[in-house]
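Here is the structure we will look at, set down as structure tokens.
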Amino acid sequence: MSDVDSPTGPVPGRTAVPLDDTDRQILTRLLKDARQSVRALAEQVHISRANAYTRIGRLLAEGVITGFTAQLNPKRAGLGTSAYITLSTEQAAWRDISRELRDIPYVEHVSLVTGDFDVLVLVRAPDNEALRSVVLERIHCVAGVRSTRTWLVFDEVRGRGADWTG
């Protein structure tokens, strides 16, 4: 989900920032372990530490890297119930709805989508009771939400993601 309404890339109409092989190697290694030192990263990519700092700074400034976070196992962290909630909304209400949804506890991700519904929300809650509260007492009360549908997640696997090496 982006808070930016217009493309920020160097070419008008494009949102992607040009990345060279070194940038891609940096991204690959940071996605695997963002806690590693810049010195270790520079050694792995075969560039100077100063160059690594400069490139990471540029990737941050250009919005390619938006932050560094820990990845949690939701169940082990006490969030044993996960669900995707689909929302049908009033036309042109996306910005207001997304602003409100992001402030609801246990809402992890919000996407504007196409198809049979308008918004897809990932909720991770401690249990079914908390999930029920989020859906019925919080999401349903958001102005512009017409209806919801809840899809419980039984199991998850992490995908491979993009291949940044080439």
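Note on naming: chains are A, B, ... as they come in the structure tokens, residues start from 1 per chain, ligands start from 1 in the order shown.
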
Apply DSSP to the backbone of this structure and, from range 11-139 of chain A, keep only the residues in strand (DSSP E); write these as a compact mmCIF listing (two decimals) with N, CA, C and O atoms, in the first residue's frame.
```txt
# COMPACT_ATOMS: atom_id res chain seq x y z
N THR A 81 -4.84 -16.66 15.01
CA THR A 81 -5.93 -16.65 14.05
C THR A 81 -5.63 -15.62 12.97
O THR A 81 -5.45 -14.44 13.27
N SER A 82 -5.58 -16.07 11.73
CA SER A 82 -5.37 -15.16 10.60
C SER A 82 -6.54 -15.29 9.64
O SER A 82 -7.10 -16.38 9.47
N ALA A 83 -6.89 -14.18 9.01
CA ALA A 83 -7.99 -14.20 8.05
C ALA A 83 -7.79 -13.09 7.03
O ALA A 83 -7.23 -12.03 7.33
N TYR A 84 -8.26 -13.38 5.83
CA TYR A 84 -8.37 -12.34 4.81
C TYR A 84 -9.81 -11.87 4.83
O TYR A 84 -10.74 -12.69 4.82
N ILE A 85 -10.00 -10.57 4.89
CA ILE A 85 -11.33 -10.00 4.89
C ILE A 85 -11.48 -9.23 3.58
O ILE A 85 -10.64 -8.37 3.27
N THR A 86 -12.52 -9.58 2.82
CA THR A 86 -12.80 -8.83 1.60
C THR A 86 -13.88 -7.81 1.90
O THR A 86 -14.83 -8.10 2.63
N LEU A 87 -13.72 -6.61 1.36
CA LEU A 87 -14.67 -5.53 1.60
C LEU A 87 -15.24 -5.04 0.28
O LEU A 87 -14.49 -4.85 -0.68
N SER A 88 -16.53 -4.85 0.25
CA SER A 88 -17.17 -4.10 -0.82
C SER A 88 -17.40 -2.71 -0.27
O SER A 88 -17.88 -2.55 0.87
N THR A 89 -17.03 -1.70 -1.03
CA THR A 89 -17.05 -0.33 -0.52
C THR A 89 -17.82 0.59 -1.46
O THR A 89 -18.08 0.26 -2.61
N VAL A 107 -4.87 -5.38 12.14
CA VAL A 107 -4.89 -5.26 10.68
C VAL A 107 -3.44 -5.16 10.23
O VAL A 107 -2.72 -4.23 10.59
N GLU A 108 -3.00 -6.16 9.46
CA GLU A 108 -1.59 -6.21 9.05
C GLU A 108 -1.37 -5.63 7.66
O GLU A 108 -0.32 -5.05 7.39
N HIS A 109 -2.33 -5.80 6.76
CA HIS A 109 -2.12 -5.37 5.38
C HIS A 109 -3.46 -5.00 4.76
O HIS A 109 -4.46 -5.68 5.00
N VAL A 110 -3.46 -3.94 3.96
CA VAL A 110 -4.68 -3.48 3.28
C VAL A 110 -4.33 -3.23 1.82
O VAL A 110 -3.35 -2.54 1.52
N SER A 111 -5.14 -3.79 0.91
CA SER A 111 -4.89 -3.62 -0.53
C SER A 111 -6.18 -3.23 -1.25
O SER A 111 -7.24 -3.81 -1.01
N LEU A 112 -6.07 -2.28 -2.17
CA LEU A 112 -7.13 -1.96 -3.11
C LEU A 112 -6.98 -2.94 -4.26
O LEU A 112 -5.89 -3.07 -4.82
N VAL A 119 -11.57 -4.20 -1.58
CA VAL A 119 -10.45 -4.12 -0.66
C VAL A 119 -10.19 -5.50 -0.06
O VAL A 119 -11.14 -6.22 0.26
N LEU A 120 -8.92 -5.84 0.10
CA LEU A 120 -8.51 -7.08 0.75
C LEU A 120 -7.69 -6.71 1.98
O LEU A 120 -6.74 -5.93 1.89
N VAL A 121 -8.08 -7.25 3.14
CA VAL A 121 -7.43 -6.92 4.40
C VAL A 121 -6.93 -8.20 5.04
O VAL A 121 -7.67 -9.18 5.14
N LEU A 122 -5.67 -8.21 5.47
CA LEU A 122 -5.12 -9.33 6.24
C LEU A 122 -5.17 -8.96 7.71
O LEU A 122 -4.62 -7.92 8.12
N VAL A 123 -5.85 -9.80 8.49
CA VAL A 123 -5.96 -9.58 9.93
C VAL A 123 -5.30 -10.76 10.63
O VAL A 123 -5.55 -11.92 10.29
N ARG A 124 -4.44 -10.46 11.61
CA ARG A 124 -3.84 -11.49 12.45
C ARG A 124 -4.20 -11.14 13.89
O ARG A 124 -3.82 -10.09 14.39
N ALA A 125 -4.97 -12.03 14.51
CA ALA A 125 -5.49 -11.77 15.85
C ALA A 125 -5.14 -12.93 16.78
O ALA A 125 -4.80 -14.02 16.32
```

Hey, what's within 7 Å of range 36-41 of chain A if we count only C-alpha atoms and toss same-chain stuff fewer than 6 positions away? As a tab-separated table (two decimals) with C-alpha atoms, in the first residue's frame, please?
```tsv
chain	number	residue	atom	x	y	z
A	49	ARG	CA	31.79	-0.06	2.72
A	52	ALA	CA	27.45	0.17	0.26
A	53	TYR	CA	26.37	3.00	2.58
```

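Taking CA of Ala92 in chain A and CA of Trp151 in chain A as endpoints, the distance between them is 24.7 Å.
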
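CA of Pro126 in chain A sits 19.3 Å away from CA of Arg149 in chain A.
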
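CA of Arg138 in chain A sits 9.2 Å away from CA of Pro105 in chain A.
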